[in-house]
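Note: the block below is input-v7.pdb and it holds PDB, C-alpha atoms, pLDDT in the B column.
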```
ATOM      1  CA  MET A  22     -32.856  12.409  37.024  1.00 48.00           C
ATOM      2  CA  MET A  23     -29.466  13.066  38.659  1.00 52.00           C
ATOM      3  CA  MET A  24     -26.153  12.547  36.924  1.00 52.00           C
ATOM      4  CA  SER A  25     -23.609  10.406  38.635  1.00 61.00           C
ATOM      5  CA  GLU A  26     -20.378  11.953  39.853  1.00 66.00           C
ATOM      6  CA  ILE A  27     -18.385  10.137  37.159  1.00 62.00           C
ATOM      7  CA  ALA A  28     -20.572  11.530  34.379  1.00 57.00           C
ATOM      8  CA  LYS A  29     -20.280  15.064  35.812  1.00 59.00           C
ATOM      9  CA  ASP A  30     -16.506  14.715  36.024  1.00 63.00           C
ATOM     10  CA  ARG A  31     -16.275  13.490  32.396  1.00 59.00           C
ATOM     11  CA  MET A  32     -18.457  16.323  31.182  1.00 56.00           C
ATOM     12  CA  ALA A  33     -16.416  18.912  33.079  1.00 57.00           C
ATOM     13  CA  ARG A  34     -13.158  17.564  31.591  1.00 55.00           C
ATOM     14  CA  SER A  35     -14.689  17.533  28.115  1.00 52.00           C
ATOM     15  CA  VAL A  36     -15.846  21.146  28.395  1.00 49.00           C
ATOM     16  CA  ARG A  37     -12.506  22.217  29.880  1.00 49.00           C
ATOM     17  CA  LYS A  38     -10.322  20.756  27.134  1.00 47.00           C
ATOM     18  CA  ARG A  39     -12.268  22.003  24.107  1.00 46.00           C
ATOM     19  CA  GLY A  40     -12.427  25.512  22.761  1.00 46.00           C
ATOM     20  CA  SER A  41     -12.438  27.552  19.600  1.00 45.00           C
ATOM     21  CA  VAL A  42     -10.559  30.464  18.173  1.00 45.00           C
ATOM     22  CA  SER A  43     -12.307  32.997  15.995  1.00 45.00           C
ATOM     23  CA  SER A  44     -10.666  35.665  13.903  1.00 45.00           C
ATOM     24  CA  LEU A  45     -13.721  37.922  14.230  1.00 48.00           C
ATOM     25  CA  ASN A  46     -13.667  40.721  16.786  1.00 49.00           C
ATOM     26  CA  GLY A  47     -16.660  41.224  19.104  1.00 50.00           C
ATOM     27  CA  ARG A  48     -18.511  43.740  16.871  1.00 52.00           C
ATOM     28  CA  GLU A  49     -18.063  41.585  13.732  1.00 53.00           C
ATOM     29  CA  PHE A  50     -19.201  38.498  15.649  1.00 48.00           C
ATOM     30  CA  ARG A  51     -22.445  40.232  16.802  1.00 50.00           C
ATOM     31  CA  GLN A  52     -23.008  41.547  13.258  1.00 55.00           C
ATOM     32  CA  LYS A  53     -22.598  38.036  11.881  1.00 51.00           C
ATOM     33  CA  GLU A  54     -25.058  36.659  14.464  1.00 49.00           C
ATOM     34  CA  LEU A  55     -27.663  39.313  13.510  1.00 53.00           C
ATOM     35  CA  HIS A  56     -27.286  39.300   9.724  1.00 53.00           C
ATOM     36  CA  GLY A  57     -25.743  35.898   9.090  1.00 53.00           C
ATOM     37  CA  ASN A  58     -22.805  37.259   7.070  1.00 51.00           C
ATOM     38  CA  THR A  59     -20.166  39.939   7.225  1.00 47.00           C
ATOM     39  CA  LYS A  60     -18.493  41.431   4.233  1.00 51.00           C
ATOM     40  CA  ASN A  61     -15.042  40.355   5.446  1.00 51.00           C
ATOM     41  CA  SER A  62     -15.876  36.821   6.538  1.00 48.00           C
ATOM     42  CA  ARG A  63     -13.239  34.943   8.532  1.00 49.00           C
ATOM     43  CA  ASN A  64     -12.823  31.334   9.606  1.00 49.00           C
ATOM     44  CA  THR A  65     -13.264  29.745  13.008  1.00 49.00           C
ATOM     45  CA  VAL A  66     -10.877  27.013  14.136  1.00 50.00           C
ATOM     46  CA  SER A  67     -11.799  24.478  16.805  1.00 49.00           C
ATOM     47  CA  PHE A  68      -9.140  22.761  18.851  1.00 48.00           C
ATOM     48  CA  THR A  69      -8.636  20.217  21.590  1.00 52.00           C
ATOM     49  CA  ASP A  70      -5.908  20.575  24.212  1.00 53.00           C
ATOM     50  CA  GLU A  71      -5.810  16.947  25.309  1.00 55.00           C
ATOM     51  CA  PRO A  72      -6.374  13.849  23.197  1.00 55.00           C
ATOM     52  CA  SER A  73      -9.537  11.978  24.034  1.00 57.00           C
ATOM     53  CA  GLN A  74      -9.644   8.329  25.020  1.00 58.00           C
ATOM     54  CA  GLN A  75     -10.934   7.496  21.537  1.00 58.00           C
ATOM     55  CA  ASP A  76      -7.771   9.057  20.003  1.00 58.00           C
ATOM     56  CA  ASN A  77      -5.553   6.979  22.291  1.00 57.00           C
ATOM     57  CA  ALA A  78      -7.401   3.785  21.373  1.00 57.00           C
ATOM     58  CA  SER A  79      -6.866   4.419  17.647  1.00 60.00           C
ATOM     59  CA  ARG A  80      -3.098   4.786  18.206  1.00 67.00           C
ATOM     60  CA  LEU A  81      -2.671   1.476  20.002  1.00 74.00           C
ATOM     61  CA  THR A  82      -0.617  -1.065  18.112  1.00 79.00           C
ATOM     62  CA  VAL A  83      -0.752  -4.798  18.385  1.00 79.00           C
ATOM     63  CA  GLN A  84       2.422  -6.327  19.801  1.00 80.00           C
ATOM     64  CA  MET A  85       3.253  -9.683  18.227  1.00 74.00           C
ATOM     65  CA  GLU A  86       5.247 -12.289  20.109  1.00 79.00           C
ATOM     66  CA  ASN A  87       8.525 -13.544  18.641  1.00 78.00           C
ATOM     67  CA  THR A  88       8.309 -16.940  16.972  1.00 76.00           C
ATOM     68  CA  TYR A  89      12.077 -17.534  16.960  1.00 80.00           C
ATOM     69  CA  GLN A  90      11.580 -19.202  13.587  1.00 79.00           C
ATOM     70  CA  LEU A  91      14.728 -18.583  11.572  1.00 79.00           C
ATOM     71  CA  GLY A  92      13.836 -20.485   8.435  1.00 82.00           C
ATOM     72  CA  PRO A  93      10.754 -21.160   6.348  1.00 84.00           C
ATOM     73  CA  THR A  94       8.530 -24.129   7.143  1.00 85.00           C
ATOM     74  CA  LYS A  95       7.483 -24.275   3.491  1.00 86.00           C
ATOM     75  CA  HIS A  96       9.947 -23.261   0.780  1.00 87.00           C
ATOM     76  CA  PHE A  97       9.007 -21.051  -2.147  1.00 91.00           C
ATOM     77  CA  PRO A  98       7.798 -23.226  -5.086  1.00 94.00           C
ATOM     78  CA  ALA A  99       9.889 -21.772  -7.919  1.00 93.00           C
ATOM     79  CA  VAL A 100       8.728 -24.399 -10.443  1.00 95.00           C
ATOM     80  CA  ILE A 101       5.029 -23.636  -9.859  1.00 96.00           C
ATOM     81  CA  VAL A 102       5.737 -19.895 -10.092  1.00 97.00           C
ATOM     82  CA  ASN A 103       7.554 -20.473 -13.410  1.00 97.00           C
ATOM     83  CA  HIS A 104       4.384 -22.114 -14.750  1.00 97.00           C
ATOM     84  CA  ILE A 105       2.323 -19.143 -13.538  1.00 97.00           C
ATOM     85  CA  LEU A 106       4.694 -16.711 -15.279  1.00 97.00           C
ATOM     86  CA  LYS A 107       4.576 -18.682 -18.519  1.00 97.00           C
ATOM     87  CA  ASP A 108       0.754 -18.951 -18.502  1.00 97.00           C
ATOM     88  CA  VAL A 109       0.138 -15.289 -17.692  1.00 97.00           C
ATOM     89  CA  LEU A 110       2.638 -13.906 -20.216  1.00 97.00           C
ATOM     90  CA  THR A 111       1.424 -16.232 -22.962  1.00 96.00           C
ATOM     91  CA  ASN A 112      -2.260 -15.493 -22.326  1.00 96.00           C
ATOM     92  CA  TYR A 113      -1.811 -11.720 -22.220  1.00 95.00           C
ATOM     93  CA  LEU A 114       0.796 -11.199 -24.935  1.00 95.00           C
ATOM     94  CA  GLN A 115       0.438 -14.020 -27.498  1.00 94.00           C
ATOM     95  CA  GLU A 116      -1.462 -11.948 -30.096  1.00 92.00           C
ATOM     96  CA  GLU A 117      -0.299  -8.450 -29.071  1.00 92.00           C
ATOM     97  CA  GLN A 118       1.746  -6.078 -31.218  1.00 94.00           C
ATOM     98  CA  TYR A 119       4.172  -3.652 -29.589  1.00 94.00           C
ATOM     99  CA  GLU A 120       2.593  -0.275 -28.823  1.00 94.00           C
ATOM    100  CA  PRO A 121       4.306   1.843 -26.141  1.00 93.00           C
ATOM    101  CA  GLU A 122       1.161   3.014 -24.308  1.00 94.00           C
ATOM    102  CA  LEU A 123      -0.499  -0.390 -24.412  1.00 94.00           C
ATOM    103  CA  CYS A 124       2.660  -2.076 -23.133  1.00 93.00           C
ATOM    104  CA  ARG A 125       2.963   0.449 -20.299  1.00 94.00           C
ATOM    105  CA  GLN A 126      -0.502  -0.526 -19.071  1.00 95.00           C
ATOM    106  CA  MET A 127       0.110  -4.217 -19.734  1.00 95.00           C
ATOM    107  CA  THR A 128       3.198  -4.261 -17.486  1.00 96.00           C
ATOM    108  CA  LYS A 129       1.093  -2.965 -14.585  1.00 95.00           C
ATOM    109  CA  THR A 130      -1.761  -5.366 -15.286  1.00 96.00           C
ATOM    110  CA  ILE A 131       0.448  -8.404 -15.785  1.00 97.00           C
ATOM    111  CA  SER A 132       2.478  -7.728 -12.646  1.00 96.00           C
ATOM    112  CA  GLU A 133      -0.712  -7.438 -10.559  1.00 96.00           C
ATOM    113  CA  VAL A 134      -2.118 -10.662 -12.029  1.00 97.00           C
ATOM    114  CA  ILE A 135       1.131 -12.525 -11.344  1.00 97.00           C
ATOM    115  CA  LYS A 136       1.327 -11.170  -7.811  1.00 96.00           C
ATOM    116  CA  THR A 137      -2.261 -12.208  -7.098  1.00 96.00           C
ATOM    117  CA  GLN A 138      -1.760 -15.721  -8.450  1.00 96.00           C
ATOM    118  CA  VAL A 139       1.463 -16.230  -6.495  1.00 96.00           C
ATOM    119  CA  LYS A 140      -0.187 -14.926  -3.307  1.00 95.00           C
ATOM    120  CA  ASP A 141      -2.987 -17.439  -3.864  1.00 95.00           C
ATOM    121  CA  LEU A 142      -0.383 -20.180  -3.276  1.00 94.00           C
ATOM    122  CA  MET A 143      -0.407 -18.947   0.354  1.00 91.00           C
ATOM    123  CA  ILE A 144       3.275 -19.344   1.110  1.00 90.00           C
ATOM    124  CA  PRO A 145       3.718 -17.940   4.629  1.00 88.00           C
ATOM    125  CA  ARG A 146       6.231 -15.226   5.583  1.00 88.00           C
ATOM    126  CA  TYR A 147       7.542 -14.416   2.105  1.00 91.00           C
ATOM    127  CA  LYS A 148       7.610 -10.883   0.740  1.00 93.00           C
ATOM    128  CA  LEU A 149       6.996 -10.829  -3.005  1.00 95.00           C
ATOM    129  CA  ILE A 150       8.436  -8.442  -5.571  1.00 95.00           C
ATOM    130  CA  VAL A 151       7.107  -8.739  -9.126  1.00 96.00           C
ATOM    131  CA  ILE A 152       8.811  -6.921 -11.999  1.00 96.00           C
ATOM    132  CA  VAL A 153       7.682  -7.069 -15.632  1.00 96.00           C
ATOM    133  CA  HIS A 154       9.609  -5.606 -18.583  1.00 95.00           C
ATOM    134  CA  ILE A 155       8.077  -5.360 -22.070  1.00 95.00           C
ATOM    135  CA  GLY A 156      10.035  -4.072 -25.056  1.00 94.00           C
ATOM    136  CA  GLN A 157       9.967  -3.914 -28.820  1.00 94.00           C
ATOM    137  CA  LEU A 158      11.676  -6.725 -30.705  1.00 91.00           C
ATOM    138  CA  LYS A 159      13.806  -5.111 -33.470  1.00 90.00           C
ATOM    139  CA  SER A 160      17.127  -6.988 -33.666  1.00 85.00           C
ATOM    140  CA  GLN A 161      18.595  -5.157 -30.708  1.00 86.00           C
ATOM    141  CA  SER A 162      20.107  -6.535 -27.537  1.00 86.00           C
ATOM    142  CA  ILE A 163      19.254  -5.621 -23.986  1.00 87.00           C
ATOM    143  CA  LEU A 164      20.762  -6.502 -20.631  1.00 90.00           C
ATOM    144  CA  ILE A 165      18.534  -6.396 -17.566  1.00 88.00           C
ATOM    145  CA  GLY A 166      20.192  -6.817 -14.184  1.00 88.00           C
ATOM    146  CA  SER A 167      19.088  -6.736 -10.576  1.00 85.00           C
ATOM    147  CA  ARG A 168      20.829  -6.872  -7.231  1.00 86.00           C
ATOM    148  CA  CYS A 169      19.579  -7.758  -3.810  1.00 83.00           C
ATOM    149  CA  LEU A 170      20.914  -8.716  -0.397  1.00 87.00           C
ATOM    150  CA  TRP A 171      19.410 -11.979   0.655  1.00 87.00           C
ATOM    151  CA  ASP A 172      19.879 -15.314   2.322  1.00 89.00           C
ATOM    152  CA  PRO A 173      20.475 -17.997  -0.350  1.00 90.00           C
ATOM    153  CA  LYS A 174      19.063 -20.690   1.963  1.00 90.00           C
ATOM    154  CA  SER A 175      15.580 -19.184   2.111  1.00 90.00           C
ATOM    155  CA  ASP A 176      15.290 -16.415  -0.516  1.00 92.00           C
ATOM    156  CA  THR A 177      14.819 -17.172  -4.184  1.00 93.00           C
ATOM    157  CA  PHE A 178      13.451 -15.907  -7.486  1.00 94.00           C
ATOM    158  CA  SER A 179      11.701 -17.132 -10.579  1.00 95.00           C
ATOM    159  CA  SER A 180      11.700 -15.571 -14.056  1.00 95.00           C
ATOM    160  CA  TYR A 181      10.401 -16.257 -17.542  1.00 96.00           C
ATOM    161  CA  VAL A 182      11.129 -14.655 -20.943  1.00 95.00           C
ATOM    162  CA  PHE A 183       8.380 -14.456 -23.566  1.00 96.00           C
ATOM    163  CA  ARG A 184       8.799 -13.497 -27.249  1.00 94.00           C
ATOM    164  CA  ASN A 185       6.406 -13.079 -30.150  1.00 93.00           C
ATOM    165  CA  SER A 186       6.872 -11.448 -33.566  1.00 92.00           C
ATOM    166  CA  SER A 187       6.954  -7.836 -32.313  1.00 93.00           C
ATOM    167  CA  LEU A 188       7.750  -7.791 -28.581  1.00 95.00           C
ATOM    168  CA  PHE A 189       9.570  -9.471 -25.746  1.00 94.00           C
ATOM    169  CA  ALA A 190       8.630  -9.655 -22.083  1.00 95.00           C
ATOM    170  CA  LEU A 191      10.593 -10.594 -18.991  1.00 96.00           C
ATOM    171  CA  ALA A 192       8.710 -11.300 -15.760  1.00 97.00           C
ATOM    172  CA  SER A 193      10.551 -11.870 -12.481  1.00 96.00           C
ATOM    173  CA  VAL A 194       9.217 -12.774  -9.060  1.00 96.00           C
ATOM    174  CA  TYR A 195      11.538 -12.352  -6.082  1.00 95.00           C
ATOM    175  CA  ALA A 196      10.601 -14.123  -2.856  1.00 94.00           C
ATOM    176  CA  VAL A 197      12.366 -12.828   0.242  1.00 93.00           C
ATOM    177  CA  TYR A 198      11.765 -14.643   3.522  1.00 90.00           C
ATOM    178  CA  PHE A 199      10.574 -12.380   6.335  1.00 84.00           C
ATOM    179  CA  GLU A 200      12.008 -13.546   9.687  1.00 75.00           C
TER     180      GLU A 200
END
```
What does the file become when written as structure tokens?
Amino acid sequence: MMMSEIAKDRMARSVRKRGSVSSLNGREFRQKELHGNTKNSRNTVSFTDEPSQQDNASRLTVQMENTYQLGPTKHFPAVIVNHILKDVLTNYLQEEQYEPELCRQMTKTISEVIKTQVKDLMIPRYKLIVIVHIGQLKSQSILIGSRCLWDPKSDTFSSYVFRNSSLFALASVYAVYFE
């Protein structure tokens, strides 16, 4: 069976562009071949001079066409998100007492649950940022502030404060329109 010229050319290029570098000298290499090991074993590094076609294919990116859509087709439903925040915070924290380690884990869990439920609303082209604060309730005051550059016509936020006998929680969801 004879190989086609294209296959021979591909094989020749493949052999030409690959190689290896060994840190063993000739005597150590023969000793390793005979006995399987040398007392001062060294590594072998393989290399490729040119990237293969498979490497180039993995680097290709998908180019998206511009939509020229400057505003949202569906606005962010802040009222529905407020209900989500209230339900999640109440369900997770109603019976909880403040414990620092538990609250640290609860902030992560609650923020993921909120983010998932808001994403389930499937509001297109909005980036979501969910922040949850939980603290101990002991007759102290706290001020929590945030700043952001945004377009007031399309970007918005929703927040809810929860309190029980030993802790408070503030959950905020920021929705920033992605043009």
Show which residues sit within 9 Å of region 102-115 of chain A, as a ChimeraX atom specification. Count only C-alpha atoms, and ignore same-chain residues fewer than 6 positions away.
/A:127,131,134-135,138-139,179-185,188-194
Using all atoms listed in the file for the distances, tell me which of A:Phe199, A:Ile101, A:Gln90, A:Tyr119 is nearest to Asp141 (chain A).
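Between A:Phe199, A:Ile101, A:Gln90, A:Tyr119, the residue approaching Asp141 (chain A) most closely is A:Ile101.
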Check what the PyMOL selection byres ((chain A and resi 169) around 12) selects in the file above and give those residues as a list in words.
Ile150, Gly166, Ser167, Arg168, Leu170, Trp171, Asp172, Pro173, Asp176, Thr177, Phe178, Tyr195, Ala196 and Val197 of chain A
If the box runs along x, y and z of the file and leaves 4 Å on each side of region 142-150 of chain A, what are its centre and edge lengths in Å, one decimal, as lines of an AutoDock Vina configuration file?
```
center_x = 4.0
center_y = -14.3
center_z = 0.0
size_x = 16.8
size_y = 19.7
size_z = 19.2
```
Go through A:Tyr147, A:Ser187, A:Leu91, A:Gln118 and flag the residue nearest Ser160 (chain A), using all atoms listed in the file for the distances.
A:Ser187
Who sits within 9 Å of Thr128 (chain A), all atoms listed in the file, same chain under 2 positions skipped, as an NGL selection string
:A and (123-126 or 130-133 or 152-155 or 190)
What's the separation between CA of Thr82 (chain A) and CA of Lys136 (chain A), in Å to one decimal place?
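Pair CA of Thr82 (chain A) / CA of Lys136 (chain A) returns 27.9 Å.
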